[in-house]
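Have a look at the structure below before the remarks.
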Amino acid sequence: MSNILRHLAIIMDGNGRWANERGLRRTKGHEAGAEVVREITKYCVNHTEIETLTLYAFSTENWKRPKVEVDFLMHLLEKYLSKELDTYMQNGIRFDVIGDISPFSSKLKDTIQKTKELTKDNHKLTQLLALNYGSRDEIVRAVKRCIDNGVEITQENISKSLDTPYSDIDLLIRTSGEQRLSNFLLWQMSYAEMFFTDTYWPDFTTTELGDIIDKFKQRDRKFGGI
Ligand code: FPP
């Protein structure tokens with residue numbers, strides 16, 4: 001019996017190296033990466049089994065980058081959301097965010113809120129962007145919520161108290177050859193199957209994604225059993 005892929009998560013890595021290798025500015029790599037986000041998202045809409053696609057777009061550590069790069073990423077995100085609204089609506093994509101967006105500019109926060117609101121009744125796929133996201137922080141907050149609400153500390157209650165209680169991750173992909181989780185969805189990835197590819201994110205294609213999904217289907221998921 002093949003595995004069901006409901007929740008796919010991707011650590012999109014390698015934009016900077018992709019650009020460097022072409023003698024381009026790192027920002028060009030992010031721009032090319034945004035195009036790939038669109039293609040991969042559309043592929044997931046048509047892959048009816050996939051309910052949620054979570055993309056690591058900005059980590060809590062990414063603030064350490066030069067200000068120009070951080071500003072560029074924020075601007076790119078704003079531009080992407082405004083431009084893609086039609087794609088979200090025409091393809092039945094709901095947009096949502098995990099992470100703390102409070103430090104973002106009012107303009108970006110407004111665009112995020114507006115996109116969430118306008119797409120909230122779309123049901124074919126949820127595209128969940130992890131923005132200023134860190135998993136350990138999220139777990140600590142969930143435990144605190146349980147305590148504050150007088151709820152017993154159990155796995156189920158912690159899962160329910162996470163910032164955005166989506167289902168566990170079935171498949172994680174990280175591009176660019178790095179083999180780390182980088183504080184991404186640690187709780188939700190307890191039983192995830194993982195694939196690491198050397199391809200830089202701007203070169204990642206729907207064909208490669210399809211190949212990885214085929215391999216995922218054949219993996220023997222035991223969930224701790226035998
Ligand atoms: C990692 O590449 C990528 C990021 C930190 C940002 C991800 C952003 C995008 C894919 C584009 C914009 C996203 C959306 C949703 C519109 P890196 O810069 O760490 O690459 P490197 O490791 O080669 O330096």
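Labels used: A, B, ... for chains in the order of the structure tokens, numbers from 1 for residues in each chain, and numbers from 1 for ligands as shown.
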All residues having an atom within 8 Å of ligand 1 (only C-alpha atoms and all ligand atoms) as number ranges by chain:
A: 11-19, 26, 29-37, 55-59, 62, 73, 76-81, 129, 176, 200-202
Could you give me, as an MDAnalysis selection string, each residue of segment 110-215 of chain A that DSSP assigns to strand (DSSP E) when run on this structure's backbone?
chainID A and resid 125:133 171:174 193:196
Output file for the residues above (C-alpha atoms, as a CSV table (one decimal), in the first residue's frame):
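Ended up saving to result.csv:
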chain,number,residue,atom,x,y,z
A,125,LEU,CA,-4.8,23.5,-1.1
A,126,THR,CA,-3.5,25.5,1.8
A,127,GLN,CA,-0.2,27.3,1.1
A,128,LEU,CA,1.3,27.9,4.5
A,129,LEU,CA,4.3,30.3,4.6
A,130,ALA,CA,6.6,30.0,7.5
A,131,LEU,CA,7.6,33.6,8.2
A,132,ASN,CA,9.9,34.7,11.0
A,133,TYR,CA,9.3,31.1,12.2
A,171,LEU,CA,7.2,14.6,3.6
A,172,LEU,CA,10.0,17.1,4.1
A,173,ILE,CA,12.2,18.2,1.2
A,174,ARG,CA,15.3,20.4,1.6
A,193,GLU,CA,9.9,11.1,5.6
A,194,MET,CA,12.8,13.3,4.6
A,195,PHE,CA,14.5,13.9,1.2
A,196,PHE,CA,17.5,16.0,0.6
Considering only C-alpha atoms, return as a ChimeraX atom specification whatever protein or nucleic-acid residues lie within 10 Å of Ser82 of chain A, sequence-local ones (same chain, fewer than 6 positions apart) excluded.
/A:76,108,111-112,114-115
For the selection just defined, write its residues with N, CA and C atoms to a file, as a PDB file, in the first residue's frame.
ATOM      1  N   LEU A  76       9.955  41.442  -1.770  1.00  0.00           N
ATOM      2  CA  LEU A  76       9.626  40.368  -2.722  1.00  0.00           C
ATOM      3  C   LEU A  76       8.354  39.634  -2.280  1.00  0.00           C
ATOM      4  N   LEU A 108       3.353  45.197   4.704  1.00  0.00           N
ATOM      5  CA  LEU A 108       3.434  43.745   4.486  1.00  0.00           C
ATOM      6  C   LEU A 108       2.402  43.018   5.359  1.00  0.00           C
ATOM      7  N   THR A 111      -0.957  43.306   3.768  1.00  0.00           N
ATOM      8  CA  THR A 111      -1.091  42.434   2.593  1.00  0.00           C
ATOM      9  C   THR A 111      -1.290  40.989   3.038  1.00  0.00           C
ATOM     10  N   ILE A 112      -0.548  40.567   4.061  1.00  0.00           N
ATOM     11  CA  ILE A 112      -0.684  39.197   4.573  1.00  0.00           C
ATOM     12  C   ILE A 112      -2.116  38.980   5.091  1.00  0.00           C
ATOM     13  N   LYS A 114      -4.828  40.655   4.407  1.00  0.00           N
ATOM     14  CA  LYS A 114      -5.807  40.745   3.322  1.00  0.00           C
ATOM     15  C   LYS A 114      -5.827  39.427   2.529  1.00  0.00           C
ATOM     16  N   THR A 115      -4.645  38.907   2.238  1.00  0.00           N
ATOM     17  CA  THR A 115      -4.572  37.669   1.446  1.00  0.00           C
ATOM     18  C   THR A 115      -5.186  36.508   2.230  1.00  0.00           C
TER      19      THR A 115
END
Rank nothing, just name the residue among A:His7, A:Lys64, A:Lys124, A:Arg145 nearest to Gln90 of chain A, using only C-alpha atoms.
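Ranking A:His7, A:Lys64, A:Lys124, A:Arg145 by distance to Gln90 of chain A, first place goes to A:Lys124.
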Name all residues at most 10 Å from Gln113 of chain A (count only C-alpha atoms; drop same-chain ones fewer than 5 positions away) and give them as an mmCIF file with N, CA, C and O atoms, in the first residue's frame.
data_model
loop_
_atom_site.group_PDB
_atom_site.id
_atom_site.type_symbol
_atom_site.label_atom_id
_atom_site.label_comp_id
_atom_site.auth_asym_id
_atom_site.auth_seq_id
_atom_site.Cartn_x
_atom_site.Cartn_y
_atom_site.Cartn_z
ATOM 1 N N PHE A 95 -4.383 30.859 1.655
ATOM 2 C CA PHE A 95 -3.062 31.303 2.097
ATOM 3 C C PHE A 95 -3.078 31.472 3.613
ATOM 4 O O PHE A 95 -4.012 32.023 4.177
ATOM 5 N N ASP A 96 -2.038 30.974 4.267
ATOM 6 C CA ASP A 96 -1.937 31.166 5.710
ATOM 7 C C ASP A 96 -0.458 31.277 6.100
ATOM 8 O O ASP A 96 0.425 30.963 5.300
ATOM 9 N N VAL A 97 -0.237 31.713 7.320
ATOM 10 C CA VAL A 97 1.130 31.966 7.789
ATOM 11 C C VAL A 97 1.352 31.304 9.136
ATOM 12 O O VAL A 97 0.454 31.286 9.983
ATOM 13 N N LYS A 107 2.732 47.643 5.923
ATOM 14 C CA LYS A 107 2.265 47.360 4.570
ATOM 15 C C LYS A 107 2.257 45.851 4.315
ATOM 16 O O LYS A 107 1.278 45.295 3.816
ATOM 17 N N LEU A 108 3.353 45.197 4.704
ATOM 18 C CA LEU A 108 3.434 43.745 4.486
ATOM 19 C C LEU A 108 2.402 43.018 5.359
ATOM 20 O O LEU A 108 1.716 42.099 4.899
ATOM 21 N N LEU A 118 -9.075 37.077 2.155
ATOM 22 C CA LEU A 118 -9.714 36.851 0.851
ATOM 23 C C LEU A 118 -9.686 35.388 0.429
ATOM 24 O O LEU A 118 -10.532 34.949 -0.352
#
Closest atom pairs, residues of segment 2-21 of chain A within 12 Å of segment 44-47 of chain A, only C-alpha atoms, as CSV:
residue,atom,partner,partner_atom,distance
A:Ile4,CA,A:His47,CA,11.3
A:Leu5,CA,A:His47,CA,9.4
A:Arg6,CA,A:His47,CA,9.8
A:His7,CA,A:Cys44,CA,10.2
A:Leu8,CA,A:Cys44,CA,8.9
A:Ala9,CA,A:Cys44,CA,11.3
Among segment 125-177 of chain A, which ones does DSSP place in alpha helix (DSSP H), written as a short mmCIF file (atom, residue, chain, number, x, y, z; two decimals) with N, CA, C and O atoms, in the first residue's frame?
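After the write, part_0.cif holds the following:
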data_model
loop_
_atom_site.label_atom_id
_atom_site.label_comp_id
_atom_site.auth_asym_id
_atom_site.auth_seq_id
_atom_site.Cartn_x
_atom_site.Cartn_y
_atom_site.Cartn_z
N SER A 135 10.82 26.81 15.41
CA SER A 135 10.01 25.73 15.96
C SER A 135 10.11 25.61 17.48
O SER A 135 9.12 25.34 18.16
N ARG A 136 11.31 25.82 18.03
CA ARG A 136 11.41 25.68 19.49
C ARG A 136 10.54 26.70 20.19
O ARG A 136 9.87 26.39 21.18
N ASP A 137 10.54 27.92 19.68
CA ASP A 137 9.68 28.98 20.24
C ASP A 137 8.22 28.53 20.22
O ASP A 137 7.47 28.74 21.17
N GLU A 138 7.82 27.95 19.09
CA GLU A 138 6.42 27.55 18.94
C GLU A 138 6.06 26.47 19.96
O GLU A 138 4.98 26.50 20.54
N ILE A 139 6.99 25.53 20.20
CA ILE A 139 6.72 24.46 21.16
C ILE A 139 6.61 25.04 22.58
O ILE A 139 5.70 24.69 23.34
N VAL A 140 7.53 25.97 22.91
CA VAL A 140 7.48 26.58 24.25
C VAL A 140 6.13 27.30 24.43
O VAL A 140 5.46 27.17 25.47
N ARG A 141 5.73 28.04 23.40
CA ARG A 141 4.44 28.76 23.50
C ARG A 141 3.28 27.79 23.68
O ARG A 141 2.36 28.04 24.45
N ALA A 142 3.33 26.65 22.99
CA ALA A 142 2.24 25.66 23.09
C ALA A 142 2.16 25.12 24.52
O ALA A 142 1.06 24.98 25.09
N VAL A 143 3.33 24.81 25.11
CA VAL A 143 3.33 24.27 26.48
C VAL A 143 2.78 25.33 27.44
O VAL A 143 1.96 25.03 28.32
N LYS A 144 3.22 26.59 27.24
CA LYS A 144 2.71 27.66 28.11
C LYS A 144 1.19 27.79 28.00
O LYS A 144 0.49 27.99 28.98
N ARG A 145 0.68 27.67 26.77
CA ARG A 145 -0.77 27.77 26.55
C ARG A 145 -1.50 26.67 27.33
O ARG A 145 -2.53 26.92 27.96
N CYS A 146 -0.94 25.45 27.29
CA CYS A 146 -1.56 24.35 28.03
C CYS A 146 -1.61 24.70 29.52
O CYS A 146 -2.64 24.53 30.18
N ILE A 147 -0.48 25.20 30.03
CA ILE A 147 -0.41 25.52 31.47
C ILE A 147 -1.42 26.63 31.79
O ILE A 147 -2.23 26.52 32.72
N ASP A 148 -1.41 27.70 30.97
CA ASP A 148 -2.31 28.84 31.23
C ASP A 148 -3.78 28.40 31.20
O ASP A 148 -4.61 28.94 31.92
N GLN A 155 0.85 14.87 24.60
CA GLN A 155 1.25 15.10 23.20
C GLN A 155 0.10 15.71 22.42
O GLN A 155 0.27 16.64 21.64
N GLU A 156 -1.09 15.15 22.64
CA GLU A 156 -2.26 15.62 21.89
C GLU A 156 -2.55 17.10 22.20
O GLU A 156 -2.81 17.89 21.29
N ASN A 157 -2.48 17.44 23.50
CA ASN A 157 -2.79 18.83 23.88
C ASN A 157 -1.73 19.80 23.38
O ASN A 157 -2.04 20.93 22.99
N ILE A 158 -0.46 19.36 23.38
CA ILE A 158 0.59 20.24 22.84
C ILE A 158 0.35 20.44 21.34
O ILE A 158 0.38 21.56 20.84
N SER A 159 0.06 19.33 20.63
CA SER A 159 -0.20 19.45 19.19
C SER A 159 -1.32 20.46 18.92
O SER A 159 -1.22 21.30 18.03
N LYS A 160 -2.39 20.36 19.74
CA LYS A 160 -3.54 21.25 19.53
C LYS A 160 -3.24 22.70 19.89
O LYS A 160 -3.93 23.61 19.46
N SER A 161 -2.21 22.91 20.73
CA SER A 161 -1.92 24.27 21.21
C SER A 161 -0.83 24.97 20.41
O SER A 161 -0.43 26.08 20.75
#
Of the listed residues A:Ile98, A:Leu186, A:Val70, A:Leu181, that which approaches Asp163 of chain A most closely, counting only C-alpha atoms:
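Using only C-alpha atoms, the shortest distance to Asp163 of chain A belongs to A:Ile98.
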Coordinates-based distance that separates atom CA of Ile153 of chain A from atom CA of Gly99 of chain A (Å, one decimal):
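The value is 22.4 Å.
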Taking into account only C-alpha atoms, which residue in the set A:Trp187, A:Asp198, A:Asp170, A:Lys83 is nearest to Arg219 of chain A?
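Comparing A:Trp187, A:Asp198, A:Asp170, A:Lys83 against Arg219 of chain A, the winner is A:Asp170.
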Just give me the gap between atom CA of Glu208 of chain A and atom CA of Arg38 of chain A in Å, one decimal is fine.
15.2 Å
Could you tell me how far atom CA of Asn183 of chain A lies from atom CA of Pro103 of chain A, in Å and to one decimal?
19.2 Å
A:Thr27, A:Ser102, A:Ser167, A:Thr197: which is nearest His75 of chain A, counting only C-alpha atoms?
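Between A:Thr27, A:Ser102, A:Ser167, A:Thr197, the residue approaching His75 of chain A most closely is A:Thr27.
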